[in-house]
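Following: one structure in structure tokens, then a few remarks.
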Amino acid sequence: MRKKLLAANWKMNLVPTEARALIAGLRAEIDRDSAALAGDREVMIAPPSIMIPAVAQALAGSSIMLGAQNMHFDDKGAFTGEISPPMLKSYGVTHVILGHSEHRHVFGESDELINKKVLAALKHRIIPILCVGETHEEHDAGRALEVVLRQLERGLEGVSHEAIGGMMLAYEPVWAIGSGRTATPAQAESIHGALRGVILERYDRQRADLVRILYGGSVTADNVDSLISKPDIDGALVGGASLKADSFARIVKARTH
Ligand code: PEP
């Protein structure tokens, strides 16, 4: 059985004092209801990179895992402003979000660059969460599947049979991110099934069953249950609703079936 992952993407929000307060509130909620983390789910928080040390400290002794929102593909060098995989590893980062739509569309990251980052994360044993998703225009033109499958194929270039089990995917329709519009559970499930189909075709049944595919795009405490109870939706990547302890705690405790 694939464990559900409830992952917070704080984006460019909060300062360390606010982050510590949020984590304290979240830990109080989750620790009070220990069934919330009972075996069938995992929780991860991806803060802005400058807050990774403070968040690592605030999460000490917790089962909540630490993620990063992005990274460079090289170990070190003349890349002003960038963060390397070894830097992330040194703070206990276990996951990295790659190919987020804001990086694809605001900062112009290409499939090729994202693929390099995926390979680098796998090399350093950081779990890449490769995000794919179609824009509003692509969605309306009926091209969602074509777009996400192309992003997936390119993102997986050179990922071996051994490595694929160490990564995750996230379907994040661009029109749903931060917009309050969510894909219906049926729409998301159908795209997730197609993404899993690519893993099956390129690798095998065992790997296809192993790789977790998260949904992201305006997930809230009110819609999370219906999304993550679908068999191919293995959790949620949550932006806005992860910025308050009570709403993210409710998401963490979502009904999974
Ligand atoms: C995201 O940033 O990955 C995201 C899904 O944001 P939101 O939940 O705010 O739509």
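Identifiers for the structure tokens are assigned positionally: chains receive A, B, ... in sequence, residues are indexed from 1 per chain, and ligands are indexed from 1 in the order shown.
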
### Task
Find the residues around Ala194 (chain A) up to 12 Å (only C-alpha atoms counted), leave out those fewer than 3 positions away in its own chain, and share them as JSON, numbers by chain.
{"A": [144, 145, 146, 147, 148, 149, 150, 152, 153, 171, 187, 188, 189, 190, 191, 197, 198, 199, 200, 201, 208, 213, 232, 233]}

### Query
Can you tell me, as an MDAnalysis selection string, what residues are no more than 6 Å from Ser84 (chain A) when counting only C-alpha atoms, ignoring any on the same chain fewer than 5 positions away?
chainID A and resid 71:72 75

Limited to all heavy atoms, could you put the picked residues into a file as a tab-separated table (two decimals), in the first residue's frame?
chain	number	residue	atom	x	y	z
A	71	MET	N	16.12	23.40	-6.09
A	71	MET	CA	17.57	23.32	-5.86
A	71	MET	C	18.28	23.40	-7.21
A	71	MET	O	17.66	23.26	-8.26
A	71	MET	CB	17.95	22.01	-5.15
A	71	MET	CG	17.68	20.79	-5.99
A	71	MET	SD	18.34	19.29	-5.26
A	71	MET	CE	18.59	18.34	-6.76
A	72	HIS	N	19.60	23.60	-7.16
A	72	HIS	CA	20.41	23.56	-8.36
A	72	HIS	C	20.84	22.11	-8.60
A	72	HIS	O	20.77	21.29	-7.69
A	72	HIS	CB	21.64	24.47	-8.20
A	72	HIS	CG	22.33	24.74	-9.50
A	72	HIS	ND1	23.33	23.94	-9.98
A	72	HIS	CD2	22.12	25.71	-10.42
A	72	HIS	CE1	23.73	24.40	-11.16
A	72	HIS	NE2	23.02	25.48	-11.45
A	75	ASP	N	26.75	20.29	-7.52
A	75	ASP	CA	27.10	20.20	-6.10
A	75	ASP	C	27.62	21.52	-5.55
A	75	ASP	O	27.46	21.82	-4.37
A	75	ASP	CB	28.19	19.14	-5.88
A	75	ASP	CG	27.63	17.74	-6.04
A	75	ASP	OD1	26.46	17.61	-6.43
A	75	ASP	OD2	28.39	16.78	-5.78

### Query
From the list A:Thr182, A:Ala58, A:Leu156, A:Pro53, which residue is nearest Leu195 (chain A) when using only C-alpha atoms?
A:Leu156

### Query
Which of these residues is nearest to Gly217 (chain A), using only C-alpha atoms: A:Phe79, A:Phe107, A:Trp175, A:Tyr91?
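Of A:Phe79, A:Phe107, A:Trp175, A:Tyr91, the one nearest Gly217 (chain A) is A:Trp175, counting only C-alpha atoms.
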
### Task
Quick one: pull the distance between CA of Val252 (chain A) and CA of Pro47 (chain A), Å, one decimal.
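Taking CA of Val252 (chain A) and CA of Pro47 (chain A), their separation equals 16.8 Å.
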
Where does chain A meet ligand 1 within 7 Å, residue by residue, with the nearest atom pair and distance in Å to one decimal for each, counting only C-alpha atoms and all ligand atoms, listed by chain and rising number, as CSV?
residue,atom,partner,partner_atom_place_in_ligand_line,distance
A:Asn9,CA,ligand 1,2 (O),5.6
A:Lys11,CA,ligand 1,2 (O),6.5
A:His100,CA,ligand 1,3 (O),6.8
A:Glu172,CA,ligand 1,5 (C),6.3
A:Ala176,CA,ligand 1,10 (O),5.9
A:Ile177,CA,ligand 1,10 (O),3.4
A:Gly178,CA,ligand 1,10 (O),3.5
A:Ser179,CA,ligand 1,10 (O),6.3
A:Gly180,CA,ligand 1,10 (O),6.9
A:Gly216,CA,ligand 1,5 (C),4.0
A:Gly217,CA,ligand 1,5 (C),3.8
A:Ser218,CA,ligand 1,10 (O),3.5
A:Val219,CA,ligand 1,8 (O),5.1
A:Leu237,CA,ligand 1,3 (O),5.4
A:Val238,CA,ligand 1,8 (O),4.1
A:Gly239,CA,ligand 1,8 (O),3.4
A:Gly240,CA,ligand 1,9 (O),3.8
A:Ala241,CA,ligand 1,8 (O),6.1

Would you please extract all strand (DSSP E) residues from region 156-231 of chain A, as assigned by DSSP on the backbone, and give them as an mmCIF file with N, CA, C and O atoms, in the first residue's frame?
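That gives us part34.cif:
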data_model
loop_
_atom_site.group_PDB
_atom_site.id
_atom_site.type_symbol
_atom_site.label_atom_id
_atom_site.label_comp_id
_atom_site.auth_asym_id
_atom_site.auth_seq_id
_atom_site.Cartn_x
_atom_site.Cartn_y
_atom_site.Cartn_z
ATOM 1 N N MET A 168 8.833 10.886 -6.666
ATOM 2 C CA MET A 168 7.382 11.101 -6.621
ATOM 3 C C MET A 168 7.010 12.070 -7.735
ATOM 4 O O MET A 168 7.852 12.809 -8.238
ATOM 5 N N LEU A 169 5.733 12.067 -8.068
ATOM 6 C CA LEU A 169 5.215 13.011 -9.062
ATOM 7 C C LEU A 169 4.130 13.854 -8.399
ATOM 8 O O LEU A 169 3.550 13.447 -7.388
ATOM 9 N N ALA A 170 3.886 15.013 -8.970
ATOM 10 C CA ALA A 170 2.734 15.800 -8.515
ATOM 11 C C ALA A 170 2.026 16.346 -9.746
ATOM 12 O O ALA A 170 2.668 16.948 -10.612
ATOM 13 N N TYR A 171 0.730 16.089 -9.822
ATOM 14 C CA TYR A 171 -0.079 16.706 -10.879
ATOM 15 C C TYR A 171 -0.636 18.002 -10.314
ATOM 16 O O TYR A 171 -1.416 17.982 -9.355
ATOM 17 N N ARG A 212 4.577 7.419 -5.941
ATOM 18 C CA ARG A 212 3.436 8.177 -5.436
ATOM 19 C C ARG A 212 3.184 9.419 -6.297
ATOM 20 O O ARG A 212 4.126 10.088 -6.686
ATOM 21 N N ILE A 213 1.910 9.666 -6.565
ATOM 22 C CA ILE A 213 1.522 10.813 -7.394
ATOM 23 C C ILE A 213 0.591 11.698 -6.559
ATOM 24 O O ILE A 213 -0.521 11.292 -6.203
ATOM 25 N N LEU A 214 1.089 12.892 -6.227
ATOM 26 C CA LEU A 214 0.319 13.831 -5.413
ATOM 27 C C LEU A 214 -0.539 14.707 -6.312
ATOM 28 O O LEU A 214 -0.210 14.919 -7.481
ATOM 29 N N TYR A 215 -1.600 15.245 -5.745
ATOM 30 C CA TYR A 215 -2.379 16.265 -6.459
ATOM 31 C C TYR A 215 -2.132 17.613 -5.786
ATOM 32 O O TYR A 215 -2.070 17.692 -4.550
ATOM 33 N N GLY A 216 -1.991 18.656 -6.571
ATOM 34 C CA GLY A 216 -1.873 20.000 -6.014
ATOM 35 C C GLY A 216 -2.673 20.989 -6.826
ATOM 36 O O GLY A 216 -2.766 20.878 -8.057
#

### Message
When you look at Lys3 (chain A) with a cut-off of 9 Å (counting only C-alpha atoms), what residues show up, excluding the ones that are within fewer than 4 positions of it in the same chain? I need them as a PyMOL selection string.
### Response
chain A and resi 39-42+212+234-235
